[in-house]
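*Asks:* Questions regarding the structure given below will be posed in turn.
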Amino acid sequence: MKILHNLLGILCGFALMIILLITSIEAVTYWTPGYYEEEYAKYGVLQDVHMEMNDLLDVTDQMMAYLRGNREEYMTEQRKVREQEEKEKYWIANSASGNLLYTYEQLTPKDLDFFENLPITFRYEKEGYPAIICCHGSPVNTRELLQLDSERTKEVLDEINTDYLLAAHTHYPGMMRYHGKTYMNTGSCGIAIGDPGYAHAVILESWENEWKPEFLRIPYDINQVIQDIFESGLYDMAPWFLNNNLHIFLTGTDLTPELVNLATKLQKENEAEEKVWPHIEEKYFAKAADALKIPDYTFLRYIRPAVIEDTEKLLELYHSMIGGAAGWNEYYPGIDTIESDLSRNALFVMENEKGKLIASISIDADEAVDSLKCWDEALLPGAELARLCIRKEYQNKKMARMMMAYAMNVLRKQGKKSVHILVRKGHEVAMRSYAHLGYEKVGECSLYDMQFICMERAL
């Protein structure tokens, strides 16, 4: 019996993570002695992937030395555009190409040379193990999407001279078999479509001359990633494209093609002078985003954990909600509630540009709620979100969605599998809003002399 754990999936998706999430790229790190060993030890990667360091470094050495993805090709193509002074094709700081320009400006000529010299297909071979064809898109095209069970994927499986094909690019993980061959897609480490808050990867185990995949969903600190996007200046380079990326981070819904195509169409319909990509005006991206219900996530940059200095501001915010459908009064929520939440690092606030508190949410620790029998045992451990509060003048602007998403990302990082909330019976607006966010009614209860609807969703 031979067993080898290989972190092929993480490394196949690594190029995307570099482009979108790292603020500085230096290809020289590929050759720095001990660089990856130090990074793997620093972030506890061995514990996550259940591998020995020598095996992980062996896979890293082979995978990082050979693969090129579509993003690297975009960079080398832009260099050629600039060398030929095709100025109409220069990337500019807008939502059509600003994210690409941001990355391009971090790269050195040496980086671009490195990217250009990489082949797009790698054959993984190790004595005693089945060979695997590895690529980003397909063996012949970095930008080709090999969707699970598609006819094109079946054609590719028939064409390759190994029994295994490992690819990425679609951002959807999974496996299919066809004519005795196996196709595996790693998903994405950077932006996992349909699975917000998680990085995707696959570990392959060889057992009796067969590769068996273990598809991983690894929670990571997406709130920190979002803050890095704002603080790095990336958001300001391509605001609506980044709003779309943030929408994927928070909801799992990818509307990228629809956003770009609709913005292009709107400009063509409304401008007398025809312009070519990337010269698409921001106002058309804004209109396209509005039509597709992609929010302006600017205020995400102002969400943070609450501190004791926020106490009086929080109390004022809570009191501004007295008389509303939630049934709050001058005693609840009060100082005791705030102090309890702060003591557990379980209270989060949003400010506006001037530093005024405009929203808050708490992760509660109420045994009476957590012990209710209506919660799905298969989704334990879970946690309760409570005291979601949006200042009146900021309501109906997707602020509640942002606060909920932030708190749910905190819970994912804590290892929770679900989140539940109590909605005061008769609060139909809240019921509809939570249902739209994926919560389902699972029961009713009577607590604290009030009737509540119990709602729950998986994380």
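Identifiers in this document derive from the order of the structure tokens: chains are assigned A, B, ..., residues are numbered from 1 separately in each chain, and ligands are numbered from 1 in order of occurrence.
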If you run DSSP on the backbone here, which positions in segment 96-174 of chain A get alpha helix (DSSP H)? Please write them as a list in words.

*Replies:*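 Restricting segment 96-174 of chain A to alpha helix (DSSP H) produces Gly98, Asn99, Leu100, Leu101, Tyr102, Thr103, Tyr104, Pro109, Lys110, Asp111, Leu112, Asp113, Phe114, Phe115, Glu116, Glu151, Arg152, Thr153, Lys154, Glu155, Val156, Leu157, Asp158 and Glu159 of chain A.
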
*Asks:* Can you list, as a list of chain:residue names, every protein, DNA or RNA residue that comes within 8 Å of Gln267 of chain A when you count only C-alpha atoms, leaving out same-chain residues fewer than 5 positions away?

*Replies:*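 Near neighbours after the sequence-gap exclusion: A:Ile280, A:Glu281, A:Tyr284.
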
*Asks:* Save the residues we just selected, N, CA and C atoms, as a short mmCIF file (atom, residue, chain, number, x, y, z; two decimals), in the first residue's frame?

*Replies:*
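See selection.cif below for the written result:
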```cif
data_model
loop_
_atom_site.label_atom_id
_atom_site.label_comp_id
_atom_site.auth_asym_id
_atom_site.auth_seq_id
_atom_site.Cartn_x
_atom_site.Cartn_y
_atom_site.Cartn_z
N ILE A 280 -14.75 51.79 -20.97
CA ILE A 280 -16.16 51.76 -20.58
C ILE A 280 -16.33 52.69 -19.38
N GLU A 281 -17.22 53.65 -19.48
CA GLU A 281 -17.38 54.63 -18.42
C GLU A 281 -17.99 54.02 -17.15
N TYR A 284 -21.81 53.49 -16.53
CA TYR A 284 -22.50 52.35 -17.12
C TYR A 284 -22.27 51.08 -16.30
#
```

*Asks:* Segment 398-412 of chain A: which residues within 7 Å, counting only C-alpha atoms, same-chain residues fewer than 3 positions away excluded, as a PDB file with N, CA and C atoms, in the first residue's frame?

*Replies:*
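Now in selection-v7.pdb:
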```
ATOM      1  N   GLY A 197     -16.813  32.378   1.746  1.00  0.00           N
ATOM      2  CA  GLY A 197     -16.089  32.232   2.998  1.00  0.00           C
ATOM      3  C   GLY A 197     -15.144  31.058   3.048  1.00  0.00           C
ATOM      4  N   PRO A 219     -12.159  27.327   5.686  1.00  0.00           N
ATOM      5  CA  PRO A 219     -12.567  28.702   6.019  1.00  0.00           C
ATOM      6  C   PRO A 219     -11.344  29.582   6.212  1.00  0.00           C
ATOM      7  N   ILE A 222     -11.995  36.032   5.595  1.00  0.00           N
ATOM      8  CA  ILE A 222     -12.418  36.818   4.450  1.00  0.00           C
ATOM      9  C   ILE A 222     -12.618  38.286   4.820  1.00  0.00           C
ATOM     10  N   ASN A 223     -12.967  38.562   6.085  1.00  0.00           N
ATOM     11  CA  ASN A 223     -13.110  39.960   6.500  1.00  0.00           C
ATOM     12  C   ASN A 223     -11.782  40.700   6.386  1.00  0.00           C
ATOM     13  N   LEU A 250     -19.134  37.384  -0.555  1.00  0.00           N
ATOM     14  CA  LEU A 250     -20.150  37.403   0.488  1.00  0.00           C
ATOM     15  C   LEU A 250     -21.361  36.529   0.186  1.00  0.00           C
ATOM     16  N   PRO A 295     -24.690  45.323  -4.885  1.00  0.00           N
ATOM     17  CA  PRO A 295     -24.657  46.537  -4.055  1.00  0.00           C
ATOM     18  C   PRO A 295     -23.330  47.280  -4.178  1.00  0.00           C
ATOM     19  N   LEU A 300     -18.265  48.456   3.514  1.00  0.00           N
ATOM     20  CA  LEU A 300     -17.581  47.321   4.140  1.00  0.00           C
ATOM     21  C   LEU A 300     -16.259  47.740   4.770  1.00  0.00           C
ATOM     22  N   ILE A 361     -24.106  44.665  15.033  1.00  0.00           N
ATOM     23  CA  ILE A 361     -24.617  43.304  15.111  1.00  0.00           C
ATOM     24  C   ILE A 361     -23.812  42.554  16.171  1.00  0.00           C
ATOM     25  N   ILE A 390     -29.651  48.899  12.180  1.00  0.00           N
ATOM     26  CA  ILE A 390     -29.245  49.806  11.111  1.00  0.00           C
ATOM     27  C   ILE A 390     -29.921  51.159  11.340  1.00  0.00           C
ATOM     28  N   GLN A 395     -31.197  52.534   6.221  1.00  0.00           N
ATOM     29  CA  GLN A 395     -31.931  51.301   5.923  1.00  0.00           C
ATOM     30  C   GLN A 395     -32.277  51.234   4.441  1.00  0.00           C
ATOM     31  N   GLY A 415     -15.258  28.080  13.158  1.00  0.00           N
ATOM     32  CA  GLY A 415     -15.597  26.685  12.930  1.00  0.00           C
ATOM     33  C   GLY A 415     -17.070  26.352  13.074  1.00  0.00           C
ATOM     34  N   LYS A 416     -17.931  27.361  13.114  1.00  0.00           N
ATOM     35  CA  LYS A 416     -19.371  27.102  13.207  1.00  0.00           C
ATOM     36  C   LYS A 416     -19.901  26.595  11.868  1.00  0.00           C
ATOM     37  N   LEU A 459     -23.731  27.535   7.193  1.00  0.00           N
ATOM     38  CA  LEU A 459     -22.609  28.363   6.824  1.00  0.00           C
ATOM     39  C   LEU A 459     -21.715  27.646   5.823  1.00  0.00           C
TER      40      LEU A 459
END
```

*Asks:* I want to know what sits within 12 Å of Arg143 of chain A, based on only C-alpha atoms, with residues of the same chain fewer than 3 positions away left out; could you give that as a list in words?

*Replies:*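 My list of contacting residues is Arg68, Gly69, Asn70, Arg71, Glu72, Glu73, Tyr74, Ile120, Cys135, His136, Gly137, Ser138, Pro139, Val140, Leu146, Ala167, Ala168, His169 and Thr170 of chain A.
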
*Asks:* Quick one: residues within 12 Å of His247 of chain A, only C-alpha atoms, excluding same-chain residues fewer than 2 positions away - as a PyMOL selection string?

*Replies:* chain A and resi 191-197+226+240-245+249-256+259+289+292-298+300+398+401-402+405

*Asks:* Only C-alpha atoms, please: the residues just picked out, written as a short mmCIF file (atom, residue, chain, number, x, y, z; two decimals), in the first residue's frame.

*Replies:*
```
data_model
loop_
_atom_site.label_atom_id
_atom_site.label_comp_id
_atom_site.auth_asym_id
_atom_site.auth_seq_id
_atom_site.Cartn_x
_atom_site.Cartn_y
_atom_site.Cartn_z
CA ILE A 191 -12.92 33.28 -5.12
CA ALA A 192 -14.99 30.15 -4.57
CA ILE A 193 -18.19 30.53 -6.57
CA GLY A 194 -21.23 29.22 -4.72
CA ASP A 195 -19.38 28.75 -1.43
CA PRO A 196 -18.68 32.10 0.25
CA GLY A 197 -16.09 32.23 3.00
CA ILE A 226 -11.86 42.54 2.26
CA TRP A 240 -17.58 48.25 -9.61
CA PHE A 241 -15.54 45.26 -10.68
CA LEU A 242 -14.38 44.92 -7.07
CA ASN A 243 -17.96 45.38 -5.83
CA ASN A 244 -18.75 42.38 -8.00
CA ASN A 245 -15.85 40.41 -6.48
CA PHE A 249 -17.01 36.74 -1.54
CA LEU A 250 -20.15 37.40 0.49
CA THR A 251 -22.89 35.59 -1.44
CA GLY A 252 -21.13 33.09 -3.71
CA THR A 253 -23.00 34.51 -6.73
CA ASP A 254 -20.83 35.31 -9.73
CA LEU A 255 -22.23 37.95 -12.09
CA THR A 256 -18.94 38.95 -13.71
CA LEU A 259 -21.79 42.95 -15.38
CA ALA A 289 -24.62 46.74 -11.20
CA LEU A 292 -28.06 43.08 -11.51
CA LYS A 293 -28.62 43.99 -7.83
CA ILE A 294 -24.91 44.15 -7.04
CA PRO A 295 -24.66 46.54 -4.05
CA ASP A 296 -22.13 49.30 -3.55
CA TYR A 297 -20.00 47.66 -0.88
CA THR A 298 -18.02 50.80 -0.03
CA LEU A 300 -17.58 47.32 4.14
CA LYS A 398 -27.93 46.67 1.80
CA ARG A 401 -26.63 42.25 4.30
CA MET A 402 -23.12 43.57 4.87
CA ALA A 405 -22.05 38.74 6.01
#
```

*Asks:* Quick check, in Å to one decimal: how far apart do atom CA of Ser362 of chain A and atom CA of Phe230 of chain A lie?

*Replies:*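 Interatomic distance here is 23.7 Å.
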
*Asks:* Please extract the residues of segment 184-240 of chain A with a backbone DSSP assignment of strand (DSSP E) and present them as JSON, numbers by chain.

*Replies:* {"A": [184, 185, 186, 198, 199, 200, 201, 202, 203, 204, 205, 206, 211, 212, 213, 214, 215, 216, 217, 218, 219]}

*Asks:* Please report the interatomic distance between atom CA of Leu315 of chain A and atom CA of Gln451 of chain A in Å with one decimal.

*Replies:*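 Distance reported for this atom pair: 24.6 Å.
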
*Asks:* List as a list in words the protein and nucleic acid residues near Leu157 of chain A, meaning an atom at most 12 Å away when only C-alpha atoms are counted, but skip any in the same chain fewer than 3 places from it.

*Replies:* Ile132, Ile133, Ser138, Pro139, Leu146, Leu148, Asp149, Ser150, Glu151, Arg152, Thr153, Lys154, Ile160, Asn161, Thr162, Asp163, Tyr164, Leu165, Leu166, Ala167, Met176, Arg177, Tyr178, His179, Gly180, Lys181, Thr182, Tyr183 and Met184 of chain A
